[in-house]
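Structure first, then comments.
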Amino acid sequence: MWQSLHASLQERNFTVVTVAMDEPEAARPWIELAKPTYPCLIDRNHHVAELYNMVNVPQATWIDELGRIVRPPENAGSSDAFRQMDRTRMQMSPEQIAERNRTKQIYLAAVRDWVLKGTASEFAYDAGGSRARLRLPDAAVARAHAHFRLAQTLLSRGKREEAAMNFAEASRLHPDSWTIWRQAAAKDATGLAAGPEFWARVDSLGDRPYHRPIDMKGLGTDG
Amino acid sequence: MITVLHEQSETVCASARADGDELWIGAQDLAAATGWSMKPEGLCRGDACLPVPRERAEDYIKGDMLNATAFWRRLQHPIAHDAAGELWVLGTSATDRASALASLEAPDFALPDLAGATRTLAEQRGKKVLLATWASW
């Protein structure tokens, strides 16, 4: 998703940095396929999700030349169109695909606008605007990450049952985190955590979003 | 042997002894594992110091050993440990995470790429960065 954006803007003092909330060997084939020229990092413990209070993928934050956040972590151009897909064939309709692509293009155009215009971009916030849009963790979220870290370490030591208990506790403490839930969930042959349990959890959202809409012209709360 | 997990580090602490939900660690090992070290003012990291409550000092310090979990609870940091008492996560509080984010200074991290090289966010300073997450699942 990011390689063409990175390639077209890397002369403009810009880089993409991706972080895989994943096991290294699960992430490897995807990275080898994409042949990215930007840093692709592996975060088995979801440390970045904890630092930035991220709850799903893809989420992204914009960081300026001085290392300051000018767009807080948010859904990075994904839509909820997938929720209406044909679940037996895992296929989206042409309209759903069009909606997914439209969302992505608007987001990518906004990144481009910011890279070219900097603080003059309508998509980059000043400090007040950024702070107002930050989503901050509470004590339960912090505890959830402690249990997730413990679970991943137990898993790497072969203690699957005790790991599962701690994954469950992490999800109980932080039910909004799909990142925690899907990392721990059963995967199908293609490595996707998209079985009946996933769809049941998505359906239980009801009117609530899977990818939280973002404040961007043409999208989410404005769209 | 007890391993302490804190931030991104994983430290084997030879001096550590688990006692139920309490974890006692030698001061040097605790400093190596977490960056918090014992000073006359209390347990300190950077400018922050947590004084030892005088009337209950023995709950926190016994000789060279420190009750890491007691300090951690006082700091309102989360703790998680395994059933065997061999793995202890000394986590970081939501308050600390939230104030770091609210400063708008993007929290730095060090993570490996596929080749095993450690990369940091800070090394990108001077560029605009789109920091994006993804996963295979």
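Chain labels run A, B, ... following the order of the structure tokens; each chain numbers its residues from 1, and ligands are numbered from 1 in the order shown.
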Problem - Test item: residues at most 6 Å from range 16-26 of chain A, only C-alpha atoms, excluding those fewer than 5 positions along its chain, as JSON, numbers by chain - result: {"A": [6, 38, 39, 40, 41, 42, 43, 44, 46], "B": [129, 130, 131, 132, 133, 134, 135]}
Handout entry: Contacts of Ala94 in chain B at 8 Å (only C-alpha atoms; same-chain gap of 6+ positions) as a VMD selection string
Key = (chain A and resid 136 to 139 141 to 142) or (chain B and resid 77)
Can you tell me which residues surround Leu50 in chain B at a distance of at most 10 Å, considering only C-alpha atoms, apart from same-chain residues fewer than 6 positions away, and format the answer as a PDB file with C-alpha atoms, in the first residue's frame?
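Saved file part_4.pdb follows:
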```
ATOM      1  CA  TRP B  36      14.992   2.863  38.359  1.00  0.00           C
ATOM      2  CA  MET B  38      17.989   3.459  44.673  1.00  0.00           C
ATOM      3  CA  LYS B  39      19.227   6.834  45.920  1.00  0.00           C
ATOM      4  CA  GLU B  41      15.828  10.329  48.087  1.00  0.00           C
ATOM      5  CA  GLY B  42      14.159   7.034  47.200  1.00  0.00           C
ATOM      6  CA  LEU B  43      13.738   5.025  44.025  1.00  0.00           C
ATOM      7  CA  CYS B  44      14.618   7.339  41.142  1.00  0.00           C
ATOM      8  CA  PHE B  71       7.221   0.328  44.254  1.00  0.00           C
ATOM      9  CA  ARG B  74       2.825   2.949  44.305  1.00  0.00           C
ATOM     10  CA  LEU B  75       3.798   4.319  40.875  1.00  0.00           C
TER      11      LEU B  75
END
```
Exercise for the section: Starting from chain B, keep only residues with some atom at most 7 Å from an atom of chain A, counting only C-alpha atoms, and report them as a ChimeraX atom specification. Expected result: /B:78-81,89,91-94,97-98,102,104-107,111-114,125-137
Problem - Shell of 9 Å around Met65 in chain B, only C-alpha atoms, local chain residues under 3 positions omitted, as an MDAnalysis selection string - result: chainID B and resid 15:16 24:27 60:62 68
Would you export the selected residues with C-alpha atoms as a short mmCIF file (atom, residue, chain, number, x, y, z; two decimals), in the first residue's frame, please?
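Done, and the output landed in part.cif:
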```
data_model
loop_
_atom_site.label_atom_id
_atom_site.label_comp_id
_atom_site.auth_asym_id
_atom_site.auth_seq_id
_atom_site.Cartn_x
_atom_site.Cartn_y
_atom_site.Cartn_z
CA SER B 15 19.03 -11.77 42.54
CA ALA B 16 15.24 -11.78 42.06
CA TRP B 24 12.00 -8.77 45.39
CA ILE B 25 15.05 -7.74 43.36
CA GLY B 26 18.53 -6.58 44.24
CA ALA B 27 18.91 -2.85 43.63
CA TYR B 60 9.91 -1.88 50.41
CA ILE B 61 13.50 -2.60 51.39
CA LYS B 62 15.18 -5.49 53.16
CA ALA B 68 9.83 -4.05 42.99
#
```
According to DSSP computed on the backbone, where in range 39-88 of chain B is there alpha helix (DSSP H)? Give the residues as an mmCIF file with N, CA and C atoms, in the first residue's frame.
```cif
data_model
loop_
_atom_site.group_PDB
_atom_site.id
_atom_site.type_symbol
_atom_site.label_atom_id
_atom_site.label_comp_id
_atom_site.auth_asym_id
_atom_site.auth_seq_id
_atom_site.Cartn_x
_atom_site.Cartn_y
_atom_site.Cartn_z
ATOM 1 N N ALA B 57 8.956 1.036 55.805
ATOM 2 C CA ALA B 57 10.145 0.861 54.958
ATOM 3 C C ALA B 57 10.458 -0.610 54.709
ATOM 4 N N GLU B 58 10.196 -1.452 55.718
ATOM 5 C CA GLU B 58 10.565 -2.869 55.549
ATOM 6 C C GLU B 58 9.677 -3.575 54.516
ATOM 7 N N ASP B 59 8.524 -2.975 54.151
ATOM 8 C CA ASP B 59 7.724 -3.536 53.054
ATOM 9 C C ASP B 59 8.384 -3.280 51.697
ATOM 10 N N TYR B 60 9.299 -2.296 51.678
ATOM 11 C CA TYR B 60 9.909 -1.883 50.408
ATOM 12 C C TYR B 60 11.373 -2.300 50.289
ATOM 13 N N ALA B 68 10.125 -4.738 44.254
ATOM 14 C CA ALA B 68 9.830 -4.051 42.995
ATOM 15 C C ALA B 68 8.330 -3.863 42.800
ATOM 16 N N THR B 69 7.550 -4.882 43.162
ATOM 17 C CA THR B 69 6.100 -4.791 42.941
ATOM 18 C C THR B 69 5.464 -3.726 43.835
ATOM 19 N N ALA B 70 5.961 -3.591 45.076
ATOM 20 C CA ALA B 70 5.421 -2.557 45.964
ATOM 21 C C ALA B 70 5.692 -1.169 45.382
ATOM 22 N N PHE B 71 6.919 -0.957 44.899
ATOM 23 C CA PHE B 71 7.221 0.328 44.254
ATOM 24 C C PHE B 71 6.337 0.524 43.025
ATOM 25 N N TRP B 72 6.191 -0.548 42.263
ATOM 26 C CA TRP B 72 5.434 -0.440 40.999
ATOM 27 C C TRP B 72 3.965 -0.062 41.257
ATOM 28 N N ARG B 73 3.404 -0.687 42.313
ATOM 29 C CA ARG B 73 2.004 -0.365 42.646
ATOM 30 C C ARG B 73 1.881 1.086 43.078
ATOM 31 N N ARG B 74 2.860 1.548 43.871
ATOM 32 C CA ARG B 74 2.825 2.949 44.305
ATOM 33 C C ARG B 74 2.927 3.896 43.105
#
```
Practice task
Quote the spacing between CA of Gln124 in chain B and CA of Leu9 in chain A in Å to one decimal place.
Solution key: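 So the answer is 14.7 Å.
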Problem - Length of the CA of Gln28 in chain B to CA of Asp96 in chain B vector [Å] - result: 23.7 Å
Exercise for the section: Could you tell me, as a PyMOL selection string, which residues of range 20-136 of chain B DSSP assigns to strand (DSSP E or B) when given the backbone? Expected result: chain B and resi 22-26+37-39+42-45+48-50+61-62+65-67+79-81+87-90+105+110-113+118-120+128-134
Exercise for the section: Fewer than 5 positions away in the same chain doesn't count, so skip those; otherwise give me all residues within 8 Å of Ala14 in chain B, counting only C-alpha atoms, as a list in words. Expected result: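 In the requested form, the answer reads Met1, Ile2 and Asp29 of chain B.
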Practice task
Quick one: pull the distance between CA of Thr11 in chain B and CA of Ala33 in chain B, Å, one decimal.
Solution key: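 Computing the Euclidean distance for CA of Thr11 in chain B and CA of Ala33 in chain B yields 5.4 Å.
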